[in-house]
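Here the structure is laid out as structure tokens; the discussion comes afterwards.
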Amino acid sequence: MSSLLNFVLYEIGWLACMAGVSAGYPQLGVGSALFLLIVHLLLHRRPRRQLLLMTVSAATGLLVDSLLIMVGILRFPHAGPLPYLPPLWMTVLWAQFAMTFPGCLRWMYHRPAITATLTFVSVPFIFLSGQRMGVVSLPPSPIVALGLLGLTWAVAVPLLANCVRACHRRAVVRVCAHCCSWCDRH
């Protein structure tokens, strides 16, 4: 899959979630994003590996966002039935974010410092736009909250990128070992 298509699928899913939640129909956004995740899996060369990565990313997001909710940095006006868990659409966005690692965000693998810096700077703007759309609430004085959001993501994103790289490296090692054993036999 091309990096451009990868980026477009992610952006459409993100916009669908934001628009669905802000219009009062979060299930519409979740359904759209899940559909795009399925499309991504169908188009990917290694769908099982992608599914694992999406699961790890969604679990990471669930943990990170739950902690941010518990300490009062995030509040979701359209939250689910459990007050300290993020809404489903937010966890789906984390899964969807994972699909960008082997595609348009592949450059992150070997540049953790640049990844952390860009994440630290960009994430506050993403959450500010989410607040303007009415899908997330930040504390009345959001400067510290935005800094902590940036810092949290600046740690989580490079760790996820490293997880993807390690997963890819292990797969390459397995393929090389298989090929070498085949060459030795023939």
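Each chain in the structure tokens gets a letter, A, B and so on, in the order shown; residues start at 1 in every chain, and ligands are counted from 1 in the order they appear.
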Applying 10 Å and only C-alpha atoms, which residues near segment 85-96 of chain A remain after dropping the ones on its own chain fewer than 2 positions away? List them as a PDB file with N, CA, C and O atoms, in the first residue's frame.
ATOM      1  N   LEU A   9      -6.372   7.103   4.212  1.00  0.00           N
ATOM      2  CA  LEU A   9      -7.249   6.233   4.995  1.00  0.00           C
ATOM      3  C   LEU A   9      -7.270   6.666   6.466  1.00  0.00           C
ATOM      4  O   LEU A   9      -8.330   6.714   7.098  1.00  0.00           O
ATOM      5  N   TYR A  10      -6.096   6.986   7.007  1.00  0.00           N
ATOM      6  CA  TYR A  10      -6.037   7.431   8.396  1.00  0.00           C
ATOM      7  C   TYR A  10      -6.809   8.737   8.583  1.00  0.00           C
ATOM      8  O   TYR A  10      -7.608   8.874   9.514  1.00  0.00           O
ATOM      9  N   GLU A  11      -6.564   9.705   7.721  1.00  0.00           N
ATOM     10  CA  GLU A  11      -7.214  11.017   7.865  1.00  0.00           C
ATOM     11  C   GLU A  11      -8.728  10.917   7.726  1.00  0.00           C
ATOM     12  O   GLU A  11      -9.464  11.577   8.454  1.00  0.00           O
ATOM     13  N   GLY A  13     -10.574   8.337   8.491  1.00  0.00           N
ATOM     14  CA  GLY A  13     -11.041   7.727   9.736  1.00  0.00           C
ATOM     15  C   GLY A  13     -11.047   8.716  10.884  1.00  0.00           C
ATOM     16  O   GLY A  13     -11.991   8.753  11.687  1.00  0.00           O
ATOM     17  N   TRP A  14      -9.991   9.526  10.991  1.00  0.00           N
ATOM     18  CA  TRP A  14      -9.909  10.529  12.056  1.00  0.00           C
ATOM     19  C   TRP A  14     -11.048  11.535  11.907  1.00  0.00           C
ATOM     20  O   TRP A  14     -11.746  11.838  12.875  1.00  0.00           O
ATOM     21  N   ALA A  16     -13.868  11.146  10.318  1.00  0.00           N
ATOM     22  CA  ALA A  16     -15.162  10.481  10.547  1.00  0.00           C
ATOM     23  C   ALA A  16     -15.456  10.374  12.038  1.00  0.00           C
ATOM     24  O   ALA A  16     -16.586  10.640  12.469  1.00  0.00           O
ATOM     25  N   CYS A  17     -14.456  10.005  12.825  1.00  0.00           N
ATOM     26  CA  CYS A  17     -14.655   9.925  14.276  1.00  0.00           C
ATOM     27  C   CYS A  17     -14.972  11.289  14.859  1.00  0.00           C
ATOM     28  O   CYS A  17     -15.927  11.447  15.626  1.00  0.00           O
ATOM     29  N   MET A  18     -14.201  12.295  14.498  1.00  0.00           N
ATOM     30  CA  MET A  18     -14.423  13.646  15.039  1.00  0.00           C
ATOM     31  C   MET A  18     -15.797  14.184  14.630  1.00  0.00           C
ATOM     32  O   MET A  18     -16.537  14.718  15.458  1.00  0.00           O
ATOM     33  N   GLY A  20     -18.456  12.472  13.614  1.00  0.00           N
ATOM     34  CA  GLY A  20     -19.514  11.664  14.219  1.00  0.00           C
ATOM     35  C   GLY A  20     -19.748  12.033  15.670  1.00  0.00           C
ATOM     36  O   GLY A  20     -20.892  12.210  16.105  1.00  0.00           O
ATOM     37  N   VAL A  21     -18.672  12.175  16.428  1.00  0.00           N
ATOM     38  CA  VAL A  21     -18.802  12.511  17.848  1.00  0.00           C
ATOM     39  C   VAL A  21     -19.360  13.924  18.010  1.00  0.00           C
ATOM     40  O   VAL A  21     -20.272  14.147  18.807  1.00  0.00           O
ATOM     41  N   PRO A  26     -21.437   9.158  17.736  1.00  0.00           N
ATOM     42  CA  PRO A  26     -20.101   8.548  17.794  1.00  0.00           C
ATOM     43  C   PRO A  26     -20.038   7.178  17.133  1.00  0.00           C
ATOM     44  O   PRO A  26     -19.010   6.818  16.567  1.00  0.00           O
ATOM     45  N   GLN A  27     -21.138   6.416  17.168  1.00  0.00           N
ATOM     46  CA  GLN A  27     -21.131   5.085  16.563  1.00  0.00           C
ATOM     47  C   GLN A  27     -20.914   5.166  15.049  1.00  0.00           C
ATOM     48  O   GLN A  27     -20.322   4.258  14.451  1.00  0.00           O
ATOM     49  N   LEU A  28     -21.352   6.245  14.433  1.00  0.00           N
ATOM     50  CA  LEU A  28     -21.121   6.424  12.995  1.00  0.00           C
ATOM     51  C   LEU A  28     -19.626   6.596  12.704  1.00  0.00           C
ATOM     52  O   LEU A  28     -19.087   5.993  11.786  1.00  0.00           O
ATOM     53  N   GLY A  29     -18.956   7.407  13.521  1.00  0.00           N
ATOM     54  CA  GLY A  29     -17.513   7.590  13.373  1.00  0.00           C
ATOM     55  C   GLY A  29     -16.748   6.318  13.646  1.00  0.00           C
ATOM     56  O   GLY A  29     -15.819   5.962  12.919  1.00  0.00           O
ATOM     57  N   VAL A  30     -17.141   5.591  14.698  1.00  0.00           N
ATOM     58  CA  VAL A  30     -16.475   4.328  15.039  1.00  0.00           C
ATOM     59  C   VAL A  30     -16.661   3.323  13.907  1.00  0.00           C
ATOM     60  O   VAL A  30     -15.711   2.653  13.487  1.00  0.00           O
ATOM     61  N   GLY A  31     -17.880   3.228  13.389  1.00  0.00           N
ATOM     62  CA  GLY A  31     -18.144   2.302  12.287  1.00  0.00           C
ATOM     63  C   GLY A  31     -17.322   2.625  11.055  1.00  0.00           C
ATOM     64  O   GLY A  31     -16.758   1.729  10.419  1.00  0.00           O
ATOM     65  N   ALA A  33     -14.434   4.317  10.958  1.00  0.00           N
ATOM     66  CA  ALA A  33     -13.017   4.050  11.231  1.00  0.00           C
ATOM     67  C   ALA A  33     -12.734   2.551  11.225  1.00  0.00           C
ATOM     68  O   ALA A  33     -11.706   2.109  10.700  1.00  0.00           O
ATOM     69  N   LEU A  34     -13.642   1.748  11.794  1.00  0.00           N
ATOM     70  CA  LEU A  34     -13.445   0.293  11.778  1.00  0.00           C
ATOM     71  C   LEU A  34     -13.488  -0.249  10.350  1.00  0.00           C
ATOM     72  O   LEU A  34     -12.709  -1.135   9.994  1.00  0.00           O
ATOM     73  N   LEU A  36     -12.531   1.363   7.702  1.00  0.00           N
ATOM     74  CA  LEU A  36     -11.243   1.722   7.093  1.00  0.00           C
ATOM     75  C   LEU A  36     -10.108   0.845   7.627  1.00  0.00           C
ATOM     76  O   LEU A  36      -9.166   0.538   6.889  1.00  0.00           O
ATOM     77  N   LEU A  37     -10.187   0.433   8.888  1.00  0.00           N
ATOM     78  CA  LEU A  37      -9.188  -0.500   9.420  1.00  0.00           C
ATOM     79  C   LEU A  37      -9.261  -1.839   8.687  1.00  0.00           C
ATOM     80  O   LEU A  37      -8.235  -2.436   8.364  1.00  0.00           O
ATOM     81  N   HIS A  40      -7.737  -1.416   5.343  1.00  0.00           N
ATOM     82  CA  HIS A  40      -6.281  -1.407   5.492  1.00  0.00           C
ATOM     83  C   HIS A  40      -5.745  -2.841   5.642  1.00  0.00           C
ATOM     84  O   HIS A  40      -4.763  -3.212   4.999  1.00  0.00           O
ATOM     85  N   GLN A  50      -0.265  -6.608  11.234  1.00  0.00           N
ATOM     86  CA  GLN A  50      -0.936  -5.316  11.381  1.00  0.00           C
ATOM     87  C   GLN A  50      -2.006  -5.366  12.463  1.00  0.00           C
ATOM     88  O   GLN A  50      -2.159  -4.434  13.236  1.00  0.00           O
ATOM     89  N   LEU A  51      -2.755  -6.448  12.505  1.00  0.00           N
ATOM     90  CA  LEU A  51      -3.801  -6.603  13.517  1.00  0.00           C
ATOM     91  C   LEU A  51      -3.187  -6.623  14.918  1.00  0.00           C
ATOM     92  O   LEU A  51      -3.718  -6.016  15.849  1.00  0.00           O
ATOM     93  N   LEU A  52      -2.058  -7.316  15.065  1.00  0.00           N
ATOM     94  CA  LEU A  52      -1.356  -7.325  16.351  1.00  0.00           C
ATOM     95  C   LEU A  52      -0.918  -5.917  16.728  1.00  0.00           C
ATOM     96  O   LEU A  52      -1.105  -5.477  17.866  1.00  0.00           O
ATOM     97  N   LEU A  53      -0.345  -5.199  15.787  1.00  0.00           N
ATOM     98  CA  LEU A  53       0.101  -3.835  16.043  1.00  0.00           C
ATOM     99  C   LEU A  53      -1.081  -2.939  16.428  1.00  0.00           C
ATOM    100  O   LEU A  53      -0.989  -2.137  17.359  1.00  0.00           O
ATOM    101  N   MET A  54      -2.203  -3.085  15.740  1.00  0.00           N
ATOM    102  CA  MET A  54      -3.393  -2.285  16.061  1.00  0.00           C
ATOM    103  C   MET A  54      -3.888  -2.603  17.470  1.00  0.00           C
ATOM    104  O   MET A  54      -4.307  -1.708  18.208  1.00  0.00           O
ATOM    105  N   THR A  55      -3.827  -3.869  17.847  1.00  0.00           N
ATOM    106  CA  THR A  55      -4.265  -4.281  19.180  1.00  0.00           C
ATOM    107  C   THR A  55      -3.354  -3.700  20.252  1.00  0.00           C
ATOM    108  O   THR A  55      -3.822  -3.184  21.271  1.00  0.00           O
ATOM    109  N   VAL A  56      -2.041  -3.773  20.035  1.00  0.00           N
ATOM    110  CA  VAL A  56      -1.080  -3.202  20.989  1.00  0.00           C
ATOM    111  C   VAL A  56      -1.287  -1.688  21.094  1.00  0.00           C
ATOM    112  O   VAL A  56      -1.289  -1.126  22.199  1.00  0.00           O
ATOM    113  N   SER A  57      -1.482  -1.033  19.977  1.00  0.00           N
ATOM    114  CA  SER A  57      -1.686   0.410  19.984  1.00  0.00           C
ATOM    115  C   SER A  57      -2.990   0.786  20.697  1.00  0.00           C
ATOM    116  O   SER A  57      -3.022   1.726  21.493  1.00  0.00           O
ATOM    117  N   ALA A  58      -4.063   0.052  20.437  1.00  0.00           N
ATOM    118  CA  ALA A  58      -5.346   0.331  21.102  1.00  0.00           C
ATOM    119  C   ALA A  58      -5.221   0.118  22.612  1.00  0.00           C
ATOM    120  O   ALA A  58      -5.741   0.914  23.401  1.00  0.00           O
ATOM    121  N   ALA A  59      -4.527  -0.943  23.024  1.00  0.00           N
ATOM    122  CA  ALA A  59      -4.326  -1.200  24.458  1.00  0.00           C
ATOM    123  C   ALA A  59      -3.483  -0.095  25.093  1.00  0.00           C
ATOM    124  O   ALA A  59      -3.775   0.359  26.209  1.00  0.00           O
ATOM    125  N   THR A  60      -2.443   0.345  24.378  1.00  0.00           N
ATOM    126  CA  THR A  60      -1.614   1.451  24.875  1.00  0.00           C
ATOM    127  C   THR A  60      -2.469   2.707  25.036  1.00  0.00           C
ATOM    128  O   THR A  60      -2.400   3.389  26.057  1.00  0.00           O
ATOM    129  N   GLY A  61      -3.274   3.004  24.022  1.00  0.00           N
ATOM    130  CA  GLY A  61      -4.139   4.175  24.084  1.00  0.00           C
ATOM    131  C   GLY A  61      -5.150   4.094  25.206  1.00  0.00           C
ATOM    132  O   GLY A  61      -5.414   5.084  25.896  1.00  0.00           O
ATOM    133  N   LEU A  62      -5.715   2.923  25.410  1.00  0.00           N
ATOM    134  CA  LEU A  62      -6.676   2.725  26.490  1.00  0.00           C
ATOM    135  C   LEU A  62      -6.023   3.014  27.841  1.00  0.00           C
ATOM    136  O   LEU A  62      -6.587   3.724  28.683  1.00  0.00           O
ATOM    137  N   LEU A  63      -4.816   2.510  28.025  1.00  0.00           N
ATOM    138  CA  LEU A  63      -4.077   2.737  29.278  1.00  0.00           C
ATOM    139  C   LEU A  63      -3.710   4.212  29.441  1.00  0.00           C
ATOM    140  O   LEU A  63      -3.980   4.822  30.479  1.00  0.00           O
ATOM    141  N   VAL A  64      -3.096   4.800  28.416  1.00  0.00           N
ATOM    142  CA  VAL A  64      -2.648   6.194  28.482  1.00  0.00           C
ATOM    143  C   VAL A  64      -3.834   7.131  28.704  1.00  0.00           C
ATOM    144  O   VAL A  64      -3.801   7.992  29.600  1.00  0.00           O
ATOM    145  N   ASP A  65      -4.880   6.977  27.915  1.00  0.00           N
ATOM    146  CA  ASP A  65      -6.033   7.870  28.049  1.00  0.00           C
ATOM    147  C   ASP A  65      -6.752   7.676  29.378  1.00  0.00           C
ATOM    148  O   ASP A  65      -7.237   8.641  29.972  1.00  0.00           O
ATOM    149  N   SER A  66      -6.821   6.447  29.874  1.00  0.00           N
ATOM    150  CA  SER A  66      -7.436   6.199  31.182  1.00  0.00           C
ATOM    151  C   SER A  66      -6.673   6.918  32.283  1.00  0.00           C
ATOM    152  O   SER A  66      -7.282   7.528  33.181  1.00  0.00           O
ATOM    153  N   LEU A  67      -5.346   6.862  32.225  1.00  0.00           N
ATOM    154  CA  LEU A  67      -4.534   7.578  33.216  1.00  0.00           C
ATOM    155  C   LEU A  67      -4.748   9.088  33.119  1.00  0.00           C
ATOM    156  O   LEU A  67      -4.868   9.779  34.139  1.00  0.00           O
ATOM    157  N   LEU A  68      -4.812   9.606  31.893  1.00  0.00           N
ATOM    158  CA  LEU A  68      -5.026  11.044  31.707  1.00  0.00           C
ATOM    159  C   LEU A  68      -6.409  11.476  32.199  1.00  0.00           C
ATOM    160  O   LEU A  68      -6.574  12.587  32.712  1.00  0.00           O
ATOM    161  N   ILE A  69      -7.391  10.607  32.067  1.00  0.00           N
ATOM    162  CA  ILE A  69      -8.739  10.898  32.581  1.00  0.00           C
ATOM    163  C   ILE A  69      -8.714  10.889  34.115  1.00  0.00           C
ATOM    164  O   ILE A  69      -9.254  11.785  34.760  1.00  0.00           O
ATOM    165  N   MET A  70      -8.053   9.880  34.694  1.00  0.00           N
ATOM    166  CA  MET A  70      -8.014   9.755  36.156  1.00  0.00           C
ATOM    167  C   MET A  70      -7.351  10.942  36.834  1.00  0.00           C
ATOM    168  O   MET A  70      -7.764  11.348  37.914  1.00  0.00           O
ATOM    169  N   LEU A  74      -7.851  14.951  30.876  1.00  0.00           N
ATOM    170  CA  LEU A  74      -8.829  14.784  29.801  1.00  0.00           C
ATOM    171  C   LEU A  74     -10.207  14.508  30.382  1.00  0.00           C
ATOM    172  O   LEU A  74     -10.346  13.838  31.410  1.00  0.00           O
ATOM    173  N   ARG A  75     -11.203  15.008  29.679  1.00  0.00           N
ATOM    174  CA  ARG A  75     -12.589  14.665  29.973  1.00  0.00           C
ATOM    175  C   ARG A  75     -13.310  14.589  28.643  1.00  0.00           C
ATOM    176  O   ARG A  75     -13.134  15.454  27.782  1.00  0.00           O
ATOM    177  N   PHE A  76     -14.071  13.529  28.468  1.00  0.00           N
ATOM    178  CA  PHE A  76     -14.797  13.343  27.216  1.00  0.00           C
ATOM    179  C   PHE A  76     -16.283  13.581  27.463  1.00  0.00           C
ATOM    180  O   PHE A  76     -16.919  12.815  28.199  1.00  0.00           O
ATOM    181  N   PRO A  77     -16.843  14.649  26.877  1.00  0.00           N
ATOM    182  CA  PRO A  77     -18.268  14.934  27.074  1.00  0.00           C
ATOM    183  C   PRO A  77     -19.176  13.785  26.623  1.00  0.00           C
ATOM    184  O   PRO A  77     -20.229  13.571  27.197  1.00  0.00           O
ATOM    185  N   HIS A  78     -18.772  13.052  25.622  1.00  0.00           N
ATOM    186  CA  HIS A  78     -19.561  11.926  25.104  1.00  0.00           C
ATOM    187  C   HIS A  78     -18.925  10.610  25.549  1.00  0.00           C
ATOM    188  O   HIS A  78     -18.711   9.706  24.745  1.00  0.00           O
ATOM    189  N   ALA A  79     -18.604  10.529  26.844  1.00  0.00           N
ATOM    190  CA  ALA A  79     -17.913   9.347  27.370  1.00  0.00           C
ATOM    191  C   ALA A  79     -18.844   8.148  27.395  1.00  0.00           C
ATOM    192  O   ALA A  79     -20.070   8.278  27.323  1.00  0.00           O
ATOM    193  N   GLY A  80     -18.241   6.997  27.522  1.00  0.00           N
ATOM    194  CA  GLY A  80     -19.005   5.764  27.599  1.00  0.00           C
ATOM    195  C   GLY A  80     -19.547   5.548  29.004  1.00  0.00           C
ATOM    196  O   GLY A  80     -19.503   6.452  29.852  1.00  0.00           O
ATOM    197  N   PRO A  81     -20.012   4.348  29.292  1.00  0.00           N
ATOM    198  CA  PRO A  81     -20.645   4.072  30.586  1.00  0.00           C
ATOM    199  C   PRO A  81     -19.672   4.051  31.771  1.00  0.00           C
ATOM    200  O   PRO A  81     -20.085   4.237  32.900  1.00  0.00           O
ATOM    201  N   LEU A  82     -18.395   3.831  31.526  1.00  0.00           N
ATOM    202  CA  LEU A  82     -17.412   3.802  32.610  1.00  0.00           C
ATOM    203  C   LEU A  82     -16.622   5.111  32.610  1.00  0.00           C
ATOM    204  O   LEU A  82     -15.922   5.424  31.639  1.00  0.00           O
ATOM    205  N   PRO A  83     -16.714   5.893  33.691  1.00  0.00           N
ATOM    206  CA  PRO A  83     -16.164   7.256  33.677  1.00  0.00           C
ATOM    207  C   PRO A  83     -14.647   7.357  33.539  1.00  0.00           C
ATOM    208  O   PRO A  83     -14.150   8.369  33.076  1.00  0.00           O
ATOM    209  N   ALA A  98      -2.055   3.178  14.513  1.00  0.00           N
ATOM    210  CA  ALA A  98      -1.061   2.117  14.317  1.00  0.00           C
ATOM    211  C   ALA A  98      -0.886   1.757  12.851  1.00  0.00           C
ATOM    212  O   ALA A  98       0.197   1.343  12.434  1.00  0.00           O
ATOM    213  N   MET A  99      -1.932   1.926  12.049  1.00  0.00           N
ATOM    214  CA  MET A  99      -1.810   1.552  10.638  1.00  0.00           C
ATOM    215  C   MET A  99      -0.899   2.504   9.868  1.00  0.00           C
ATOM    216  O   MET A  99      -0.466   2.178   8.773  1.00  0.00           O
ATOM    217  N   THR A 100      -0.550   3.646  10.459  1.00  0.00           N
ATOM    218  CA  THR A 100       0.334   4.593   9.765  1.00  0.00           C
ATOM    219  C   THR A 100       1.816   4.249   9.937  1.00  0.00           C
ATOM    220  O   THR A 100       2.641   4.712   9.166  1.00  0.00           O
ATOM    221  N   PHE A 101       2.149   3.435  10.943  1.00  0.00           N
ATOM    222  CA  PHE A 101       3.562   3.140  11.195  1.00  0.00           C
ATOM    223  C   PHE A 101       4.270   2.426  10.048  1.00  0.00           C
ATOM    224  O   PHE A 101       5.373   2.810   9.676  1.00  0.00           O
ATOM    225  N   VAL A 135     -15.377  17.454  21.312  1.00  0.00           N
ATOM    226  CA  VAL A 135     -15.235  16.014  21.555  1.00  0.00           C
ATOM    227  C   VAL A 135     -14.369  15.695  22.762  1.00  0.00           C
ATOM    228  O   VAL A 135     -14.366  14.563  23.239  1.00  0.00           O
TER     229      VAL A 135
END
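Once segment 113-116 of chain A and its same-chain neighbours fewer than 6 positions away are set aside, Ala154, Val155 and Pro158 of chain A remain within 7 Å of it when counting only C-alpha atoms.
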Inset, instruction - Mind listing the alpha helix (DSSP H) residues of chain A, per DSSP on the backbone, as an MDAnalysis selection string? - result: chainID A and resid 3:22 26:43 47:70 88:98 112:132 142:185
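With distances restricted to only C-alpha atoms, A:Ala161 is the closest residue to His110 of chain A from A:Phe7, A:Val39, A:Ala161, A:Pro139.
If you count only C-alpha atoms and ignore residues fewer than 4 places along the chain from Thr117 of chain A, what sits within 12 Å of it is Met108, Arg111, Pro112, Ala113, Val121, Ser122, Val123, Gly150, Leu151, Thr152, Trp153, Ala154, Val155, Val157 and Pro158 of chain A.
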With C-alpha atoms kept, could you save the residues just selected as a CSV table (one decimal), in the first residue's frame?
chain,number,residue,atom,x,y,z
A,108,MET,CA,9.9,7.2,12.7
A,111,ARG,CA,14.5,8.8,14.5
A,112,PRO,CA,13.1,8.5,18.0
A,113,ALA,CA,14.3,12.0,19.1
A,121,VAL,CA,4.8,19.9,19.7
A,122,SER,CA,1.9,18.7,17.5
A,123,VAL,CA,-0.3,16.7,20.0
A,150,GLY,CA,2.5,16.4,24.6
A,151,LEU,CA,4.9,14.7,27.0
A,152,THR,CA,2.8,11.6,27.3
A,153,TRP,CA,2.5,11.1,23.6
A,154,ALA,CA,6.2,12.0,23.1
A,155,VAL,CA,6.9,8.9,25.1
A,157,VAL,CA,4.6,7.2,20.1
A,158,PRO,CA,8.4,6.4,19.9
Legend entry - Which residue of A:His44, A:Leu149, A:Gly103, A:Ala19 approaches Ser32 of chain A most closely, using only C-alpha atoms: A:Ala19
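In this model, the gap between atom CA of Tyr109 of chain A and atom CA of Arg165 of chain A comes to 6.1 Å.
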Inset, instruction - Pick out the closest residue to Pro102 of chain A from this set: A:Ser22, A:Ser3, A:Ser137, A:Gln131. Count only C-alpha atoms. - result: A:Ser3
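Take atom CA of Leu15 of chain A and atom CA of Ala156 of chain A: the distance between them is 22.1 Å.
With only C-alpha atoms taken into account, the protein and nucleic acid residues at most 6 Å from segment 141-146 of chain A (excluding it and anything under 3 positions from it in its own chain) are A:Ile73, A:Pro124, A:Leu138, A:Leu149.
Shortest atom-to-atom contact with Val8 of chain A among A:Ala166, A:Leu148, A:Leu128, A:Cys104: A:Cys104, counting only C-alpha atoms.
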